[in-house]
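Single-structure report; data block below.
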Amino acid sequence: MQSNLVIFPNARAAKNSTQTEEITITNCDRAHEQFIELLAMEDLDHKLALNPAKASEFEHTLSMAIRAAYGNDRSDEQAHRFLQRILYRINRLKLFWYDDLQNYTNERSLYLSSCRDQIETAWQQWELAQLDVDALQQLDVKQALIERASADLNPPLSESSRYIREEMTEAGYRHLLAIGSFDGLVEASHLSRILGGVANEVQCTLMRVLIEEYGNGRLSRKHSTFFAQMLAEFGMNTQPEAYFDLVPWEVLASTNYNFLVTERKRYFLRYGGGLTYFEVAGPAVYKNYMVAAQRLALSEVAVGYWELHIREDERHGRWMLDDVALSLAEQYPNDAWELLLGYDLQKRMSDRAGTAVVRSIREAE
């Protein structure tokens, strides 16, 4: 009997000779465009099974990029950017964008899942290798969470924070908004994907956070609406992903990480820890933007999103620590250290993304 199993080419199985090749902006851009064409191809899995060569150039670049980003002592920035862009193209299919329904034709493609898993496996090994996971498992989790939240609530000003507060120009502020719109216009979408399941206090607290992020069901009060108003104040594009090409790979990595931990329920504690950091540390970041806006004498509309977040995230941070993270630590004593792992990973990714954003602003200015 004929098998129904579809075998896809393995992007890792490149010839040994490719290890000496350099990954370039040109071949990354070409492979990225080819991948976009694959995403739109009707019945992608079946067509690739019949003609694997359709994806050969993309797979060749994918294989080189994985080695260049995660397999060497010196990571290649272009490889990171390519991989996170590809990963995001796959992950975004998990959200509904109110666009042409045909755009979702391959949302359950086994080939796309295979590409995602290859990138995520190498990427997460690389990320975890930079943390002392064994040390986290030896800590008093509840005490460590309390200490971390206390330190991150009002951290000392970093070099990047001082630059934003004291030096960033209005052109730089616009560039900040352009990059920030990547997340700001679809805010809380990841949280919405983790809320199903058995009712309990943790779930209800997360739902309260989500409801406030979504303006209690009123579009005029939804946080993304305030971000769109900031963009409109400067005559900027208010469509989601309009400034995708400006987004540093470090920002994409943070977004892709949230897709990963909300997709896999085994990482629920890791997500809880990460969201706790995000809500606790958020107000300090937004205050930097507020100070910059006040120095630049910008209008109230041009800073409305930051004002809203400072006010609400201070409350959300307390909820996340007291009613989510500490509660989960009690419920899962043997796995509670994963809350710390999620917290520290999110902090590391957020700090890295923040540095990359400031670097991009400096370059734009």
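Order determines the names: the first chain of the structure tokens is A, the second B, and so forth; residues in each chain are numbered 1 upward, and ligands are numbered 1 upward as they are shown.
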Surrounding residues of region 186-202 of chain A excluding itself and chain neighbours under 2 positions, 6 Å, only C-alpha atoms, as a list in words: Asp183, Gly184, Cys204, Thr205, Thr262 and Val324 of chain A
Residues near Phe58 (chain A), cut-off 12 Å, only C-alpha atoms, skip fewer than 3 positions along chain, as a ChimeraX atom specification: /A:9-12,14,27-38,52-55,61-65,82-83,86,115
DSSP-assigned helix (DSSP H, G or I) among region 160-364 of chain A, expressed as a PyMOL selection string: chain A and resi 160-166+170-184+191-193+201-213+215-217+219-221+223-233+244-246+249-263+265-295+301-331+337-364
Given only C-alpha atoms as the counted atoms, nearest of A:Ala353, A:Leu93, A:Leu246, A:Ser327 to His175 (chain A): A:Leu246
For region 310-313 of chain A, work out the shell of residues within 12 Å, counting only C-alpha atoms and skipping chain neighbours fewer than 2 positions away, then give it as a PDB file with C-alpha atoms, in the first residue's frame.
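Listed below is the output, part.pdb:
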```pdb
ATOM      1  CA  LEU A 153      10.761  48.300  39.525  1.00  0.00           C
ATOM      2  CA  ARG A 208      -7.901  40.881  34.231  1.00  0.00           C
ATOM      3  CA  VAL A 209      -4.597  41.962  32.725  1.00  0.00           C
ATOM      4  CA  LEU A 210      -5.817  41.051  29.239  1.00  0.00           C
ATOM      5  CA  ILE A 211      -9.132  42.857  29.681  1.00  0.00           C
ATOM      6  CA  GLU A 212      -7.395  46.065  30.701  1.00  0.00           C
ATOM      7  CA  GLU A 213      -4.922  45.756  27.812  1.00  0.00           C
ATOM      8  CA  TYR A 214      -7.938  45.466  25.510  1.00  0.00           C
ATOM      9  CA  GLY A 215      -9.613  48.548  26.976  1.00  0.00           C
ATOM     10  CA  HIS A 223      -3.842  50.209  24.336  1.00  0.00           C
ATOM     11  CA  LEU A 275       5.288  38.331  31.834  1.00  0.00           C
ATOM     12  CA  THR A 276       5.960  39.216  35.472  1.00  0.00           C
ATOM     13  CA  TYR A 277       9.241  40.849  34.454  1.00  0.00           C
ATOM     14  CA  PHE A 278       7.609  42.620  31.523  1.00  0.00           C
ATOM     15  CA  GLU A 279       4.847  44.148  33.637  1.00  0.00           C
ATOM     16  CA  VAL A 280       7.116  45.021  36.573  1.00  0.00           C
ATOM     17  CA  ALA A 281       9.850  46.634  34.464  1.00  0.00           C
ATOM     18  CA  GLY A 282       7.589  48.328  31.899  1.00  0.00           C
ATOM     19  CA  PRO A 283       6.832  51.582  33.780  1.00  0.00           C
ATOM     20  CA  ALA A 284      10.529  52.424  34.219  1.00  0.00           C
ATOM     21  CA  VAL A 285      11.065  52.084  30.458  1.00  0.00           C
ATOM     22  CA  TYR A 286       7.993  54.150  29.589  1.00  0.00           C
ATOM     23  CA  LYS A 287       9.051  56.878  32.020  1.00  0.00           C
ATOM     24  CA  ASN A 288      12.218  57.310  29.957  1.00  0.00           C
ATOM     25  CA  TYR A 289      10.076  57.917  26.885  1.00  0.00           C
ATOM     26  CA  MET A 290       7.866  60.336  28.831  1.00  0.00           C
ATOM     27  CA  VAL A 303       2.738  60.448  24.614  1.00  0.00           C
ATOM     28  CA  GLY A 304      -0.689  59.058  25.531  1.00  0.00           C
ATOM     29  CA  TYR A 305       0.334  55.419  25.242  1.00  0.00           C
ATOM     30  CA  TRP A 306       3.237  55.840  27.672  1.00  0.00           C
ATOM     31  CA  GLU A 307       1.060  57.624  30.248  1.00  0.00           C
ATOM     32  CA  LEU A 308      -1.536  54.864  30.107  1.00  0.00           C
ATOM     33  CA  ARG A 315      -0.834  47.723  38.962  1.00  0.00           C
ATOM     34  CA  HIS A 316      -0.307  44.807  36.578  1.00  0.00           C
ATOM     35  CA  GLY A 317       3.181  44.251  37.946  1.00  0.00           C
ATOM     36  CA  ARG A 318       1.817  43.791  41.460  1.00  0.00           C
ATOM     37  CA  TRP A 319      -0.846  41.434  40.187  1.00  0.00           C
ATOM     38  CA  MET A 320       1.656  39.364  38.233  1.00  0.00           C
ATOM     39  CA  LEU A 321       4.059  39.010  41.150  1.00  0.00           C
TER      40      LEU A 321
END
```
Atom-to-atom span, CA of Arg116 (chain A) and CA of Leu176 (chain A), Å: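 Rounded to one decimal, the two atoms are 28.8 Å apart.
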Gap from CA of Leu185 (chain A) to CA of Arg218 (chain A) - Å, one decimal: 15.0 Å
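Restricting the calculation to only C-alpha atoms, the smallest distance between Gln125 (chain A) and any of A:Ser75, A:Tyr70, A:Phe234, A:Ser181 is found for A:Tyr70.
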Test item: residues at most 12 Å from Asp132 (chain A), only C-alpha atoms, excluding those fewer than 5 positions along its chain, as JSON, numbers by chain: {"A": [127, 137, 138, 139, 337, 340, 341, 344, 345]}
Those residues with all heavy atoms, as a tab-separated table (two decimals), in the first residue's frame please?
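Result file is out28.tsv:
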```tsv
chain	number	residue	atom	x	y	z
A	127	GLU	N	20.39	30.43	23.50
A	127	GLU	CA	19.94	31.35	24.55
A	127	GLU	C	20.19	30.76	25.94
A	127	GLU	O	20.71	31.44	26.84
A	127	GLU	CB	18.45	31.67	24.39
A	127	GLU	CG	18.08	32.43	23.13
A	127	GLU	CD	18.38	33.93	23.24
A	127	GLU	OE1	19.05	34.35	24.20
A	127	GLU	OE2	17.93	34.67	22.34
A	137	GLN	N	18.07	26.64	39.77
A	137	GLN	CA	17.36	25.55	40.42
A	137	GLN	C	17.69	25.42	41.90
A	137	GLN	O	17.01	24.69	42.62
A	137	GLN	CB	17.69	24.23	39.70
A	137	GLN	CG	17.25	24.22	38.24
A	137	GLN	CD	17.53	22.92	37.54
A	137	GLN	OE1	17.18	21.84	38.02
A	137	GLN	NE2	18.19	22.99	36.40
A	138	GLN	N	18.72	26.12	42.36
A	138	GLN	CA	19.12	26.04	43.76
A	138	GLN	C	18.55	27.18	44.61
A	138	GLN	O	18.72	27.19	45.83
A	138	GLN	CB	20.66	26.06	43.86
A	138	GLN	CG	21.36	25.04	43.01
A	138	GLN	CD	20.89	23.63	43.25
A	138	GLN	OE1	20.71	23.22	44.41
A	138	GLN	NE2	20.67	22.88	42.18
A	139	LEU	N	17.87	28.14	43.98
A	139	LEU	CA	17.40	29.33	44.68
A	139	LEU	C	16.07	29.11	45.38
A	139	LEU	O	15.28	28.24	45.01
A	139	LEU	CB	17.26	30.49	43.69
A	139	LEU	CG	18.55	30.98	43.02
A	139	LEU	CD1	18.21	32.08	42.00
A	139	LEU	CD2	19.54	31.51	44.04
A	337	TRP	N	11.34	26.83	39.73
A	337	TRP	CA	12.53	27.52	39.23
A	337	TRP	C	12.35	27.98	37.79
A	337	TRP	O	13.02	28.92	37.34
A	337	TRP	CB	13.75	26.61	39.34
A	337	TRP	CG	13.71	25.41	38.43
A	337	TRP	CD1	13.16	24.20	38.70
A	337	TRP	CD2	14.19	25.34	37.10
A	337	TRP	NE1	13.28	23.36	37.62
A	337	TRP	CE2	13.92	24.04	36.61
A	337	TRP	CE3	14.86	26.24	36.26
A	337	TRP	CZ2	14.27	23.62	35.33
A	337	TRP	CZ3	15.21	25.84	34.98
A	337	TRP	CH2	14.92	24.53	34.53
A	340	LEU	N	11.73	31.59	37.43
A	340	LEU	CA	12.95	32.40	37.41
A	340	LEU	C	13.62	32.35	36.05
A	340	LEU	O	14.15	33.35	35.57
A	340	LEU	CB	13.92	31.91	38.49
A	340	LEU	CG	13.48	32.10	39.94
A	340	LEU	CD1	14.51	31.49	40.88
A	340	LEU	CD2	13.27	33.57	40.26
A	341	LEU	N	13.60	31.17	35.44
A	341	LEU	CA	14.18	31.04	34.10
A	341	LEU	C	13.44	31.96	33.13
A	341	LEU	O	14.07	32.67	32.33
A	341	LEU	CB	14.10	29.59	33.64
A	341	LEU	CG	14.57	29.31	32.20
A	341	LEU	CD1	16.04	29.66	32.05
A	341	LEU	CD2	14.33	27.84	31.83
A	344	ASP	N	14.31	35.67	33.97
A	344	ASP	CA	15.66	36.07	33.57
A	344	ASP	C	15.83	36.08	32.05
A	344	ASP	O	16.53	36.94	31.50
A	344	ASP	CB	16.70	35.13	34.21
A	344	ASP	CG	16.84	35.38	35.70
A	344	ASP	OD1	16.14	36.27	36.24
A	344	ASP	OD2	17.63	34.67	36.35
A	345	LEU	N	15.20	35.13	31.37
A	345	LEU	CA	15.27	35.11	29.91
A	345	LEU	C	14.61	36.34	29.31
A	345	LEU	O	15.14	36.97	28.39
A	345	LEU	CB	14.62	33.84	29.36
A	345	LEU	CG	15.51	32.62	29.13
A	345	LEU	CD1	14.66	31.42	28.74
A	345	LEU	CD2	16.54	32.91	28.03
```
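Counting only C-alpha atoms and comparing A:Tyr111, A:Trp249, A:Tyr163, A:Tyr98, the residue that lies closest to Leu44 (chain A) is A:Tyr111.
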